[in-house]
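This report concerns only the one structure given below.
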Amino acid sequence: MRSTSRYTSLFVYFFDTKQAGEEQVRSMSQLVLGIESSCDETAAAVLRADGEAFELLSNVVSSQVDLHARYGGVVPELASRAHLQNGIPVLQEALDVAGVAGSDIDGIAVTMGPGLVGALLVGLQLAKSLAYVWGCKMIGVNHLEGHLQAVFLEEGEPPAYPFLALLVSGGNTTLYRVDGHTQITMLGSTRDDAAGEAFDKAAKMLGLPYPGGIYIDQLAQQGDPARFAFPRAMLHKGLDFSFSGLKTSCRTQLSKFDKKPEGQLLHDVCASYQEAIVDVLWHKAKKALQQEQCERLIVTGGVAANSRLRAAFTERAKEYGITTYFPSKTFCTDNAAMIAIAGYRHFQRGETSEFDINVKGRMPL
Ligand code: KG4
């Protein structure tokens, strides 16, 4: 179980919410419990929130990576069963690390979609039961909204609205214009595979463990990104993405070798493949920023943990006078702290969910 409780001091953010186009918000300290179970991470976090001041009291993530690794991908039924097994221990640890009792919790924010239906059901039912027993409010949160809010968990000046967000994860590659905490417009998305899938599928072909993005990232560090010319698809077609051709091109390239690449060859394949993904993501993000005349970009989701992506975006953005924001790696991958803060934004607006809400496997923003 991974527990992150490094936030012991109160860090404070202030900005003009009216300027941000949000409704006037109510200021009152609240303890929000976040619950996340949309895929293969069982997570719970306790966030103290007061206006724009946040203190993360606990952030516990139990990853199922080892369970699914031998199958080369997430097995939905196993994921649901593992959430069932881990839900209460993860919750208990989140409360213990935060030093709070269930009765102290003011509201519960829980992921209701998108994700694996069986996995989501476990988290949502846990949240409903707790809200019923503790007599507190509850809100069903869109997991993607959580990824967009993750950057607000960081210390330092948060991005001012409006900003653009590139959400790159195992299931999503989407560009959004964000005008306020809950005012989000989709600008473009992948037509086939997500960037994370492109990483994971190539990693599988290369015989690397699941999920492979992080292994490609590491191997690419000693590789030549110019050795193989992998395609950059749909560069001149709007703001949508396509990564399925890149995956096929990787398979074609690998079929030219008489065995799985090793040593320098493996480093070079990883670096060249990764560079193609980073180039496409940057090209589309830059295009969206120009189209929307926006100077701030947040990059979030599991793939935003990629070291080459972070370096390339930071360097290229400077040339165009764009400020980039990345959540720390802990908040890029799935976690419940981002769900807690996204739920809090809804509580600020007086929004809550009823006990009859259901999960949604598909749930675009
Ligand atoms: O956001 P996330 O934890 O889960 C969802 O998909 O919602 O993202 C997981 C994805 C996986 O595809 C994983 O391979 C990728 O993020 N990933 C990375 C890196 N770390 C995680 N991809 C490239 N480089 C990384 N360092």
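Ligands are numbered from 1 in the order shown, chains are lettered A, B, ... in the order of the structure tokens, and residues start at 1 in each chain.
Taking only C-alpha atoms and all ligand atoms into account, the protein and nucleic acid residues that come at most 6 Å from ligand 1 are Ser169, Gly170, Gly171, Gly196, Glu197, Phe199, Asp200, Pro211, Gly212, Gly213, Ile214, Asp217, Gly301, Gly302, Val303, Ala305, Asn306, Thr333 and Asp334 of chain A.
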_Neighbouring residues of range 90-104 of chain A were defined as those with any atom within 9 Å, considering only C-alpha atoms; residues of the same chain fewer than 3 positions away were excluded. Please report them as an MDAnalysis selection string._
chainID A and resid 1 3 5 31 33 35 42:47 56:62 86:87 130 134:136
_Surrounding residues of range 267-269 of chain A excluding itself and chain neighbours under 6 positions, 7 Å, only C-alpha atoms, as an MDAnalysis selection string_ = chainID A and resid 219:220 222:225 227:228
*Measuring atom to atom with only C-alpha atoms, identify which of A:Tyr210, A:Asn142, A:Val168, A:Arg308 is nearest to His68 in chain A.*
A:Tyr210
*Within 9 Å of Met338 in chain A, counting only C-alpha atoms, which residues show up once you throw out same-chain ones fewer than 4 positions away? Write them as a PyMOL selection string, please.*
chain A and resi 34+45+143+145-153+331+334+342-343
*What's the 8 Å shell around Glu295 in chain A, counting only C-alpha atoms, without same-chain residues fewer than 2 positions away, as a VMD selection string?*
chain A and resid 163 289 293 297 321 to 323
Write the residues of the selection above to a file with N, CA and C atoms, as a compact mmCIF listing (two decimals), in the first residue's frame.
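part26.txt written:
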```
# COMPACT_ATOMS: atom_id res chain seq x y z
N PHE A 163 -7.27 27.95 -18.84
CA PHE A 163 -6.07 27.24 -19.28
C PHE A 163 -6.49 26.08 -20.16
N LEU A 289 -3.47 25.74 -28.16
CA LEU A 289 -3.15 26.98 -27.44
C LEU A 289 -3.27 28.17 -28.38
N GLN A 293 -5.99 31.02 -28.11
CA GLN A 293 -5.25 32.19 -27.64
C GLN A 293 -5.03 32.12 -26.13
N LEU A 297 -0.86 25.90 -19.99
CA LEU A 297 -1.17 24.51 -20.35
C LEU A 297 -0.88 23.62 -19.16
N GLY A 321 6.30 31.31 -25.14
CA GLY A 321 5.77 32.11 -24.02
C GLY A 321 4.62 31.42 -23.30
N ILE A 322 4.62 30.10 -23.32
CA ILE A 322 3.54 29.34 -22.67
C ILE A 322 4.06 28.82 -21.32
N THR A 323 3.22 28.92 -20.29
CA THR A 323 3.59 28.37 -18.99
C THR A 323 2.97 26.99 -18.87
```
